[in-house]
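First comes the structure, then the notes that go with it.
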There are 2 protein chains.
Amino acid sequence: MAESKEFLYPVKWLSKASAGDRVTSELRMRIISGMIESGAILSENKLAADFGVSRSPVREALKILASENIIRLERMGAVVIGLTEKKYAEIYDVRILIETFVFERLVRMNTNELVMELSKILGMMKVSIKYLDADEFSYQDVLFHETIIRSIDHSYILMIWDNLKPVMESLILLSMRSRFKEKYEDFTRIINNHQLYIDAIKTKDRDIMIKSLHENFDDVQGKVEDLWMAQQMLSKGVEQEND
Amino acid sequence: MAESKEFLYPVKWLSKASAGDRVTSELRMRIISGMIESGAILSENKLAADFGVSRSPVREALKILASENIIRLERMGAVVIGLTEKKYAEIYDVRILIETFVFERLVRMNTNELVMELSKILGMMKVSIKYLDADEFSYQDVLFHETIIRSIDHSYILMIWDNLKPVMESLILLSMRSRFKEKYEDFTRIINNHQLYIDAIKTKDRDIMIKSLHENFDDVQGKVEDLWMAQQMLSKGVEQEND
DNA sequence: TCAAGTACACTTGTATACAAGTATTTTATA
DNA sequence: TATAAAATACTTGTATACAAGTGTACTTGA
């Protein structure tokens, strides 16, 4: 009823999306941001009313979020799991696992085209910084890594990424928004890291690859700390509706 | 309308399952077995009619199968992808990836309880062989590996397994059924492999682990060859309905 | 005050209805 | 016969309705 007009997920990314996709994305953001607290119980009917849609798209959303492990479907109601610190560590375990795998494939491939593509994306990222567009920057950041993963044409590695991506996207969005406000100087470092990533792929130097991989994850670790800050901000500013 | 009474998926495994689960499991089996050919276009309405249910559970099934990468949801109709040889290789890439990861965690854990559990499952497998129950054997085989994976309590590794499991289960079911008929002697070797697996975990000997891991996958490779045989049998014996 | 049973509110899963959009086929026209 | 236009038979996504089941709360009885 008294639904907030503010959406956490960028509405422009949903122009062609279905109601189901909209609910999925927005709900995910609210859970990951902490706006919907861990342990909360979500009702299909209530969510449908809140989002102004029927139960069908809400059901779809809950199924997807359950497969992403951020809610748990029980007999009565969906229980919000949220992201504990343990889970962050686990997400990055998996990212390291698959990106390492991808790297091993890449060194045996022609990477010219990929390097071009990545350079283009890096250019986009620089522009996003210049014009203070945190959402666009996040989009390009996610796209950067997805482009690398897609390049080896491995459907099951891609499947893992597809499951991880939405959560990663939400994390990065929230982190980048807060950084644009508070730690603007970080972005030159992030750009340098990504350039190192590209160089590693270009030279096919495994040592640089490992180095850039770890720097990237150190950086990501920073993102996560920012996220905690963002969560604090949000949970103070948002009134929880319990009835 | 002229729906076959024969279900590929064991009906007793679906006793408490919803119509959606039933459709999902059976459809998966029909695709992986080759009974529904790669490239075929599935219609929600038609499937609903065939299975005698409404579109709701069918939609649910298609979403799940799409996330498992065995169909592709397009604007009009779901296109069956099926499993090419490349995809088999990719599945086992991922299995090796995650099982290796799990092993690394296991060597730092107390594995007594796990070893007990695995021994029990192995006992079940032996009984299944004795009584020629291919489905039960498959169930225990899948459970064996799932038990190992669950033991490290890693939600995102488990997420990967959850996505892989249904396809693995189908593959193993089909392969084991044909083996019980044609290559019964294989099973002593499979049992030995699993015993080696347990020993590796018990002694925490990384070398044995690697050895048993590879023997297991060699074995699995055999399973896949059997599957091709099974597909041949099926595609000859089944009349495709096209109208 | 406490226990048991009943009624109610709310849950999921499924069926069905409908709107909007997209291929296909048919029909009309040159 | 070839081409354009219109009718049709699909498709998906969403809304709504309903049945069966589950938990809660209230009432009734001691």
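In the structure tokens, chains take the letters A, B, ... in the order shown, each chain's residues start at 1, and ligands count up from 1 in the order shown.
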Using only C-alpha atoms, find the residues of chain B whose closest atom to chain A is at most 9 Å away, then write them as a PyMOL selection string.
chain B and resi 60+67-69+86-87+90-91+93-94+97-98+101+154-157+159-160+162-164
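Counting only C-alpha atoms (C1' of nucleotides), Arg72 in chain A has the following residues at most 10 Å away, ignoring those fewer than 6 positions along the same chain: Gly39, Ile41, Leu42, Leu62, Lys63, Leu65, Ala66, Ala78, Val79, Val80, Ile81 and Gly82 of chain A.
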Dump of N, CA and C atoms for the selected residues, as an mmCIF file, in the first residue's frame:
```
data_model
loop_
_atom_site.group_PDB
_atom_site.id
_atom_site.type_symbol
_atom_site.label_atom_id
_atom_site.label_comp_id
_atom_site.auth_asym_id
_atom_site.auth_seq_id
_atom_site.Cartn_x
_atom_site.Cartn_y
_atom_site.Cartn_z
ATOM 1 N N GLY A 39 16.091 -12.873 7.251
ATOM 2 C CA GLY A 39 15.157 -13.500 8.177
ATOM 3 C C GLY A 39 13.719 -13.114 7.932
ATOM 4 N N ILE A 41 10.133 -12.739 6.239
ATOM 5 C CA ILE A 41 9.345 -13.717 5.490
ATOM 6 C C ILE A 41 8.513 -12.998 4.439
ATOM 7 N N LEU A 42 8.692 -13.407 3.205
ATOM 8 C CA LEU A 42 8.009 -12.768 2.094
ATOM 9 C C LEU A 42 6.795 -13.583 1.694
ATOM 10 N N LEU A 62 10.425 -15.213 -7.136
ATOM 11 C CA LEU A 62 10.847 -15.965 -5.948
ATOM 12 C C LEU A 62 11.612 -17.229 -6.342
ATOM 13 N N LYS A 63 11.158 -17.889 -7.396
ATOM 14 C CA LYS A 63 11.869 -19.084 -7.874
ATOM 15 C C LYS A 63 13.305 -18.735 -8.263
ATOM 16 N N LEU A 65 15.131 -16.071 -7.322
ATOM 17 C CA LEU A 65 15.925 -15.652 -6.168
ATOM 18 C C LEU A 65 16.298 -16.848 -5.299
ATOM 19 N N ALA A 66 15.424 -17.847 -5.268
ATOM 20 C CA ALA A 66 15.754 -19.060 -4.510
ATOM 21 C C ALA A 66 16.917 -19.792 -5.170
ATOM 22 N N ALA A 78 8.483 -17.298 1.858
ATOM 23 C CA ALA A 78 9.877 -17.364 1.442
ATOM 24 C C ALA A 78 10.719 -16.626 2.471
ATOM 25 N N VAL A 79 11.720 -17.298 2.989
ATOM 26 C CA VAL A 79 12.559 -16.711 4.021
ATOM 27 C C VAL A 79 13.774 -16.050 3.385
ATOM 28 N N VAL A 80 13.996 -14.802 3.724
ATOM 29 C CA VAL A 80 15.145 -14.069 3.184
ATOM 30 C C VAL A 80 16.425 -14.556 3.848
ATOM 31 N N ILE A 81 17.378 -14.970 3.035
ATOM 32 C CA ILE A 81 18.659 -15.409 3.567
ATOM 33 C C ILE A 81 19.637 -14.242 3.613
ATOM 34 N N GLY A 82 19.698 -13.493 2.531
ATOM 35 C CA GLY A 82 20.625 -12.374 2.488
ATOM 36 C C GLY A 82 22.053 -12.843 2.347
#
```
Exercise answer, chain A residues close to chain D, 12 Å and only C-alpha atoms (C1' of nucleotides), as an MDAnalysis selection string:
chainID A and resid 17:21 48 52:60 74:77
Dump of N, CA and C atoms for the selected residues, as a PDB file, in the first residue's frame:
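The result, stored in part09.pdb:
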```pdb
ATOM      1  N   ALA A  17      11.811  -5.128 -20.165  1.00  0.00           N
ATOM      2  CA  ALA A  17      11.670  -6.290 -19.297  1.00  0.00           C
ATOM      3  C   ALA A  17      10.215  -6.544 -18.941  1.00  0.00           C
ATOM      4  N   SER A  18       9.930  -7.781 -18.607  1.00  0.00           N
ATOM      5  CA  SER A  18       8.589  -8.153 -18.165  1.00  0.00           C
ATOM      6  C   SER A  18       8.403  -7.765 -16.699  1.00  0.00           C
ATOM      7  N   ALA A  19       7.170  -7.836 -16.250  1.00  0.00           N
ATOM      8  CA  ALA A  19       6.891  -7.537 -14.844  1.00  0.00           C
ATOM      9  C   ALA A  19       7.664  -8.492 -13.943  1.00  0.00           C
ATOM     10  N   GLY A  20       7.763  -9.738 -14.384  1.00  0.00           N
ATOM     11  CA  GLY A  20       8.499 -10.725 -13.608  1.00  0.00           C
ATOM     12  C   GLY A  20       9.954 -10.315 -13.421  1.00  0.00           C
ATOM     13  N   ASP A  21      10.578  -9.878 -14.506  1.00  0.00           N
ATOM     14  CA  ASP A  21      11.975  -9.438 -14.428  1.00  0.00           C
ATOM     15  C   ASP A  21      12.123  -8.230 -13.517  1.00  0.00           C
ATOM     16  N   ALA A  48       2.939  -9.144  -4.316  1.00  0.00           N
ATOM     17  CA  ALA A  48       2.141  -8.795  -5.489  1.00  0.00           C
ATOM     18  C   ALA A  48       1.431  -7.468  -5.267  1.00  0.00           C
ATOM     19  N   GLY A  52       2.215  -4.049  -7.165  1.00  0.00           N
ATOM     20  CA  GLY A  52       1.107  -3.743  -8.053  1.00  0.00           C
ATOM     21  C   GLY A  52       0.986  -4.692  -9.223  1.00  0.00           C
ATOM     22  N   VAL A  53       1.340  -5.955  -9.006  1.00  0.00           N
ATOM     23  CA  VAL A  53       1.212  -6.971 -10.057  1.00  0.00           C
ATOM     24  C   VAL A  53       0.484  -8.180  -9.473  1.00  0.00           C
ATOM     25  N   SER A  54       0.267  -9.171 -10.292  1.00  0.00           N
ATOM     26  CA  SER A  54      -0.397 -10.377  -9.806  1.00  0.00           C
ATOM     27  C   SER A  54       0.633 -11.350  -9.231  1.00  0.00           C
ATOM     28  N   ARG A  55       0.168 -12.465  -8.755  1.00  0.00           N
ATOM     29  CA  ARG A  55       1.088 -13.423  -8.142  1.00  0.00           C
ATOM     30  C   ARG A  55       2.019 -14.090  -9.159  1.00  0.00           C
ATOM     31  N   SER A  56       1.599 -14.188 -10.405  1.00  0.00           N
ATOM     32  CA  SER A  56       2.403 -14.901 -11.409  1.00  0.00           C
ATOM     33  C   SER A  56       3.836 -14.374 -11.521  1.00  0.00           C
ATOM     34  N   PRO A  57       4.018 -13.087 -11.796  1.00  0.00           N
ATOM     35  CA  PRO A  57       5.400 -12.595 -11.875  1.00  0.00           C
ATOM     36  C   PRO A  57       6.136 -12.678 -10.543  1.00  0.00           C
ATOM     37  N   VAL A  58       5.411 -12.566  -9.449  1.00  0.00           N
ATOM     38  CA  VAL A  58       6.066 -12.665  -8.138  1.00  0.00           C
ATOM     39  C   VAL A  58       6.584 -14.079  -7.906  1.00  0.00           C
ATOM     40  N   ARG A  59       5.776 -15.046  -8.243  1.00  0.00           N
ATOM     41  CA  ARG A  59       6.209 -16.451  -8.117  1.00  0.00           C
ATOM     42  C   ARG A  59       7.479 -16.696  -8.904  1.00  0.00           C
ATOM     43  N   GLU A  60       7.461 -16.182 -10.122  1.00  0.00           N
ATOM     44  CA  GLU A  60       8.623 -16.318 -10.996  1.00  0.00           C
ATOM     45  C   GLU A  60       9.861 -15.719 -10.324  1.00  0.00           C
ATOM     46  N   GLU A  74      10.037 -21.974   1.611  1.00  0.00           N
ATOM     47  CA  GLU A  74       9.553 -22.945   2.575  1.00  0.00           C
ATOM     48  C   GLU A  74       8.067 -23.194   2.376  1.00  0.00           C
ATOM     49  N   ARG A  75       7.513 -24.006   3.269  1.00  0.00           N
ATOM     50  CA  ARG A  75       6.118 -24.375   3.069  1.00  0.00           C
ATOM     51  C   ARG A  75       5.215 -23.156   3.127  1.00  0.00           C
ATOM     52  N   MET A  76       5.487 -22.321   4.072  1.00  0.00           N
ATOM     53  CA  MET A  76       4.690 -21.093   4.153  1.00  0.00           C
ATOM     54  C   MET A  76       5.607 -19.884   4.132  1.00  0.00           C
ATOM     55  N   GLY A  77       5.666 -19.246   3.001  1.00  0.00           N
ATOM     56  CA  GLY A  77       6.462 -18.048   2.881  1.00  0.00           C
ATOM     57  C   GLY A  77       7.897 -18.299   2.469  1.00  0.00           C
TER      58      GLY A  77
END
```
Give me the residues of chain C that have any atom at most 9 Å from an atom of chain B; for each, the nearest atom pair and the distance in Å, rounded to one decimal. Use only C-alpha atoms (C1' of nucleotides), sort by chain and number, and format it as JSON lines.
```
{"residue": "C:DG13", "atom": "C1'", "partner": "B:Ser18", "partner_atom": "CA", "distance": 7.5}
{"residue": "C:DT14", "atom": "C1'", "partner": "B:Ser56", "partner_atom": "CA", "distance": 6.8}
{"residue": "C:DA15", "atom": "C1'", "partner": "B:Ser54", "partner_atom": "CA", "distance": 5.9}
{"residue": "C:DT16", "atom": "C1'", "partner": "B:Ser54", "partner_atom": "CA", "distance": 8.4}
{"residue": "C:DT22", "atom": "C1'", "partner": "B:Met76", "partner_atom": "CA", "distance": 8.0}
{"residue": "C:DA23", "atom": "C1'", "partner": "B:Met76", "partner_atom": "CA", "distance": 8.8}
```
Write the residues of the preceding selection, restricted to N, CA and C atoms (P, O5', C5', C4', C3', O3' and C1' of nucleotides), as a PDB file, in the first residue's frame.
```pdb
ATOM      1  P    DG C  13       4.477 -24.349  -4.215  1.00  0.00           P
ATOM      2  O5'  DG C  13       3.261 -24.945  -5.036  1.00  0.00           O
ATOM      3  C5'  DG C  13       2.719 -26.192  -4.657  1.00  0.00           C
ATOM      4  C4'  DG C  13       1.551 -26.523  -5.557  1.00  0.00           C
ATOM      5  C3'  DG C  13       1.862 -26.457  -7.056  1.00  0.00           C
ATOM      6  O3'  DG C  13       1.367 -27.639  -7.659  1.00  0.00           O
ATOM      7  C1'  DG C  13      -0.024 -25.119  -6.561  1.00  0.00           C
ATOM      8  P    DT C  14       1.690 -27.926  -9.173  1.00  0.00           P
ATOM      9  O5'  DT C  14       0.315 -27.506  -9.845  1.00  0.00           O
ATOM     10  C5'  DT C  14      -0.856 -28.190  -9.460  1.00  0.00           C
ATOM     11  C4'  DT C  14      -2.070 -27.512 -10.053  1.00  0.00           C
ATOM     12  C3'  DT C  14      -2.036 -27.366 -11.571  1.00  0.00           C
ATOM     13  O3'  DT C  14      -3.030 -28.223 -12.097  1.00  0.00           O
ATOM     14  C1'  DT C  14      -2.830 -25.388 -10.476  1.00  0.00           C
ATOM     15  P    DA C  15      -3.275 -28.316 -13.682  1.00  0.00           P
ATOM     16  O5'  DA C  15      -4.489 -27.298 -13.871  1.00  0.00           O
ATOM     17  C5'  DA C  15      -5.652 -27.460 -13.072  1.00  0.00           C
ATOM     18  C4'  DA C  15      -6.675 -26.384 -13.396  1.00  0.00           C
ATOM     19  C3'  DA C  15      -6.924 -26.148 -14.885  1.00  0.00           C
ATOM     20  O3'  DA C  15      -8.322 -26.116 -15.103  1.00  0.00           O
ATOM     21  C1'  DA C  15      -6.354 -24.107 -13.837  1.00  0.00           C
ATOM     22  P    DT C  16      -8.882 -26.117 -16.582  1.00  0.00           P
ATOM     23  O5'  DT C  16      -9.194 -24.565 -16.821  1.00  0.00           O
ATOM     24  C5'  DT C  16      -9.904 -23.854 -15.821  1.00  0.00           C
ATOM     25  C4'  DT C  16      -9.914 -22.375 -16.123  1.00  0.00           C
ATOM     26  C3'  DT C  16     -10.089 -21.999 -17.596  1.00  0.00           C
ATOM     27  O3'  DT C  16     -11.121 -21.036 -17.665  1.00  0.00           O
ATOM     28  C1'  DT C  16      -8.307 -20.808 -16.677  1.00  0.00           C
ATOM     29  P    DT C  22       5.901  -8.209 -31.751  1.00  0.00           P
ATOM     30  O5'  DT C  22       5.832  -9.621 -32.477  1.00  0.00           O
ATOM     31  C5'  DT C  22       6.157 -10.789 -31.733  1.00  0.00           C
ATOM     32  C4'  DT C  22       5.874 -12.022 -32.580  1.00  0.00           C
ATOM     33  C3'  DT C  22       6.323 -11.919 -34.038  1.00  0.00           C
ATOM     34  O3'  DT C  22       6.909 -13.140 -34.378  1.00  0.00           O
ATOM     35  C1'  DT C  22       4.083 -12.543 -33.957  1.00  0.00           C
ATOM     36  P    DA C  23       7.874 -13.406 -35.546  1.00  0.00           P
ATOM     37  O5'  DA C  23       7.660 -14.986 -35.621  1.00  0.00           O
ATOM     38  C5'  DA C  23       7.651 -15.573 -36.879  1.00  0.00           C
ATOM     39  C4'  DA C  23       6.408 -16.428 -37.026  1.00  0.00           C
ATOM     40  C3'  DA C  23       6.210 -16.868 -38.471  1.00  0.00           C
ATOM     41  O3'  DA C  23       6.198 -18.280 -38.500  1.00  0.00           O
ATOM     42  C1'  DA C  23       4.199 -15.971 -37.566  1.00  0.00           C
TER      43       DA C  23
END
```
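Across the model, the gap from CA of Leu114 in chain A to CA of Asp199 in chain A is 11.4 Å.
Interatomic distance, CA of Phe137 in chain B to CA of Phe187 in chain B: 10.0 Å.
If you look at CA of Ile31 in chain B and CA of Asp135 in chain B, they are 18.1 Å away from each other.
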In range 34-242 of chain A, DSSP strand (DSSP E or B) residues written as a compact mmCIF listing (two decimals) with all heavy atoms, in the first residue's frame:
```txt
# COMPACT_ATOMS: atom_id res chain seq x y z
N ILE A 41 10.13 -12.74 6.24
CA ILE A 41 9.35 -13.72 5.49
C ILE A 41 8.51 -13.00 4.44
O ILE A 41 7.75 -12.09 4.75
CB ILE A 41 8.44 -14.53 6.44
CG1 ILE A 41 9.31 -15.43 7.31
CG2 ILE A 41 7.45 -15.36 5.65
CD1 ILE A 41 8.56 -16.14 8.40
N LEU A 42 8.69 -13.41 3.21
CA LEU A 42 8.01 -12.77 2.09
C LEU A 42 6.80 -13.58 1.69
O LEU A 42 6.86 -14.80 1.55
CB LEU A 42 8.96 -12.65 0.89
CG LEU A 42 10.28 -11.92 1.14
CD1 LEU A 42 11.14 -11.95 -0.13
CD2 LEU A 42 10.04 -10.49 1.59
N ILE A 71 17.09 -16.25 -1.12
CA ILE A 71 15.93 -16.57 -0.31
C ILE A 71 15.78 -18.09 -0.26
O ILE A 71 16.42 -18.81 -1.04
CB ILE A 71 14.61 -15.96 -0.84
CG1 ILE A 71 14.22 -16.58 -2.17
CG2 ILE A 71 14.73 -14.45 -0.97
CD1 ILE A 71 12.85 -16.18 -2.66
N ARG A 72 14.97 -18.56 0.66
CA ARG A 72 14.74 -19.99 0.81
C ARG A 72 13.23 -20.23 0.78
O ARG A 72 12.49 -19.66 1.58
CB ARG A 72 15.35 -20.45 2.14
CG ARG A 72 15.27 -21.91 2.42
CD ARG A 72 16.26 -22.32 3.52
NE ARG A 72 16.68 -21.21 4.39
CZ ARG A 72 16.06 -20.86 5.52
NH1 ARG A 72 15.02 -21.51 5.94
NH2 ARG A 72 16.51 -19.83 6.25
N LEU A 73 12.77 -21.04 -0.17
CA LEU A 73 11.33 -21.29 -0.31
C LEU A 73 10.91 -22.36 0.69
O LEU A 73 11.33 -23.51 0.60
CB LEU A 73 11.03 -21.76 -1.74
CG LEU A 73 10.45 -20.72 -2.72
CD1 LEU A 73 11.06 -19.36 -2.50
CD2 LEU A 73 10.65 -21.18 -4.15
N ALA A 78 8.48 -17.30 1.86
CA ALA A 78 9.88 -17.36 1.44
C ALA A 78 10.72 -16.63 2.47
O ALA A 78 10.45 -15.47 2.78
CB ALA A 78 10.04 -16.73 0.07
N VAL A 79 11.72 -17.30 2.99
CA VAL A 79 12.56 -16.71 4.02
C VAL A 79 13.77 -16.05 3.39
O VAL A 79 14.49 -16.67 2.59
CB VAL A 79 13.02 -17.78 5.03
CG1 VAL A 79 13.87 -17.15 6.12
CG2 VAL A 79 11.82 -18.49 5.63
N VAL A 80 14.00 -14.80 3.72
CA VAL A 80 15.14 -14.07 3.18
C VAL A 80 16.43 -14.56 3.85
O VAL A 80 16.52 -14.60 5.08
CB VAL A 80 14.98 -12.55 3.41
CG1 VAL A 80 16.23 -11.81 2.98
CG2 VAL A 80 13.76 -12.05 2.67
```
Exercise: Leu8 in chain B partners within 12 Å, only C-alpha atoms (C1' of nucleotides), chain neighbours under 4 positions left out, as JSON, numbers by chain
{"B": [4, 12, 13, 22, 23, 24, 25, 26, 27, 28, 29, 30, 31, 32, 33, 34, 35, 36, 135, 170, 171, 173, 174, 177, 234]}
